[in-house]
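**Q** This is the structure I want to talk about, given as structure tokens.
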Amino acid sequence: MPLDFKVPIFDVKNVNFSAASQHILSNVSLEIFNGEYIAIIGPNGGGKTTLARILLGLTQPTSGEIKLYGKKLKAFKNWEKIGYVPQRASHVDENFPATVEDIVKMGMTSKHSFFSILSKEEKQLIEDSMLKMDVLDLKEKMVGKLSGGQRQRAMIARALASKPEILILDEPNTGVDMVSQKRFYALLRKLNQEENITILFITHDVGVIADDISRLFTVNQKITICNSPKETLSCDEMSALYGIETHSIHQHKHHEH
Ligand SMILES: Nc1ncnc2c1ncn2[C@@H]1O[C@H](COP(=O)(O)OP(=O)(O)OP(=O)(O)O)[C@@H](O)[C@H]1O
Ligand SMILES: [Mg+2]
């Protein structure tokens, strides 16, 4: 998939965020281009979720500049282009009164009230979103009764229902078994490669997706950007520093000590 290197989707310059006189993010600059698949790693409390929220305009940075599609964040309106699945999105009450289909429908846009009648195209979009995340056969199921892995896929199907160009996923794998995770990563890879959806994936599981991602950001108050995650030694060093499992990105590891 050719990458569009003209106008970045996100253009972040010198962003700082402090809270309670603590520096949470210092001088973060980054660009994210159409078609990329970026993983963000870093220690607990390193500022990954804060950075995602700043990108989405949900948290106000102390200073710095953010542009989306070339527009200043405050002037940006096309939020349906940006899909976001927050860190704890998939923890829902067991008795939450909605089916998978209901919650995917809720993702469509705010134009619709929950009970409004859908057009044929809108119904198709909901079906397609469920199909892409492999939850179509679960559409009648109550979300509270789903397994962790199923629920996670349903939350992404909901994000897909607004036809986003970029998906920001904050650690959606907590408590999901390895087989389901691998299946989930394969679906993400397909969204990136076949649907050209740009992905920003906050994870602790970078070893497993090393073959899929184009770049790796490490966030620990400061940001370190690694452009060839599979090969760069500094990536190994970063990973060692932050205690990330990196077995499958160690293909070119230097053994001299
Ligand atoms: N609005 C806020 N007020 C005070 N402290 C905050 C605020 N937002 C974030 N923090 C602090 O910023 C730090 C970074 O938090 P953040 O949730 O971004 O980390 P993270 O990298 O996502 O961690 P994890 O891997 O555990 O999800 C934490 O110490 C958190 O307590
Ligand atoms: Mg977090």
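Labeling convention for the structure tokens: chains A, B, ... as they appear, residues from 1 per chain, ligands from 1 in order of appearance.
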8 Å from ligand 2 is the threshold here; counting only C-alpha atoms and all ligand atoms, which polymer residues fall inside it? Answer as a list in words.

**A**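 The neighbouring residues of ligand 2 are, in order, Asn44, Gly45, Gly47, Lys48, Thr49, Thr50, Gln87, Asp170, Glu171 and Ile202 of chain A.
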
**Q** Keeping only C-alpha atoms, write the selected residues to a file as a PDB file, in the first residue's frame.

**A**
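Output contents, as saved in part-v3.pdb:
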```pdb
ATOM      1  CA  ASN A  44       2.815   2.012  32.884  1.00  0.00           C
ATOM      2  CA  GLY A  45       2.250   5.669  33.615  1.00  0.00           C
ATOM      3  CA  GLY A  47       1.954   8.882  29.165  1.00  0.00           C
ATOM      4  CA  LYS A  48       0.605   6.748  26.278  1.00  0.00           C
ATOM      5  CA  THR A  49      -3.085   7.199  27.083  1.00  0.00           C
ATOM      6  CA  THR A  50      -2.509  10.879  27.806  1.00  0.00           C
ATOM      7  CA  GLN A  87      -8.239   1.535  27.256  1.00  0.00           C
ATOM      8  CA  ASP A 170      -5.517   1.819  23.519  1.00  0.00           C
ATOM      9  CA  GLU A 171      -4.342  -1.553  24.818  1.00  0.00           C
ATOM     10  CA  ILE A 202      -0.998   1.278  22.102  1.00  0.00           C
TER      11      ILE A 202
END
```

**Q** How would you write, as a VMD selection string, the set of residues no farther than 10 Å from ligand 1 when counting only C-alpha atoms and all ligand atoms?

**A** chain A and resid 17 to 25 40 to 54 59 to 60 87 to 88 170 to 171 202 to 204 218 to 221

**Q** Can you pull out the residues contacting range 67-71 of chain A? Cut-off 12 Å, using only C-alpha atoms, and skip same-chain residues under 3 positions away; I want them as an MDAnalysis selection string.

**A** chainID A and resid 4:15 29:34 54:57 64 74:79 81:82 165:166

**Q** Write out as a PyMOL selection string each polymer residue whose atoms come within 12 Å of Ile197 in chain A, counting only C-alpha atoms; drop sequence neighbours fewer than 2 positions from it.

**A** chain A and resi 1+3+9+33-38+81-83+159-160+163-168+187-195+199-200

**Q** Enumerate as a VMD selection string all residues of range 12-246 of chain A assigned to strand (DSSP E or B) by DSSP on the backbone, naming them with the chain letters and numbers the document uses.

**A** chain A and resid 12 to 19 22 to 32 34 37 to 41 63 to 68 71 to 72 82 to 85 99 142 166 to 170 198 to 202 215 to 220 222 to 226

**Q** From the options A:Gln152, A:Ser147, A:Ser119, A:Thr224, which residue's atoms come nearest to Val104 in chain A, counting only C-alpha atoms?

**A**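 Nearest candidate to Val104 in chain A out of A:Gln152, A:Ser147, A:Ser119, A:Thr224: A:Gln152.
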
**Q** Go ahead and compute the interatomic distance for CA of Met108 in chain A and CA of Ile156 in chain A, in Å to one decimal.

**A**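 So the two atoms, CA of Met108 in chain A and CA of Ile156 in chain A, lie 11.8 Å apart.
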
**Q** Would you work out the distance separating CA of Thr99 in chain A from CA of Leu58 in chain A, expressed in Å to one decimal?

**A**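 According to the coordinates, CA of Thr99 in chain A and CA of Leu58 in chain A are separated by 27.5 Å.
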
**Q** Measure the distance from CA of Thr62 in chain A to CA of Glu80 in chain A in Å and round it to one decimal.

**A**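 Calculated distance between CA of Thr62 in chain A and CA of Glu80 in chain A is 25.7 Å.
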
**Q** Which parts of range 25-214 of chain A does DSSP call helix (DSSP H, G or I) when run on the backbone here, written out as number ranges by chain?

**A** A: 48-55, 73-75, 79-81, 100-106, 120-132, 136-138, 143-145, 148-160, 178-194, 206-209
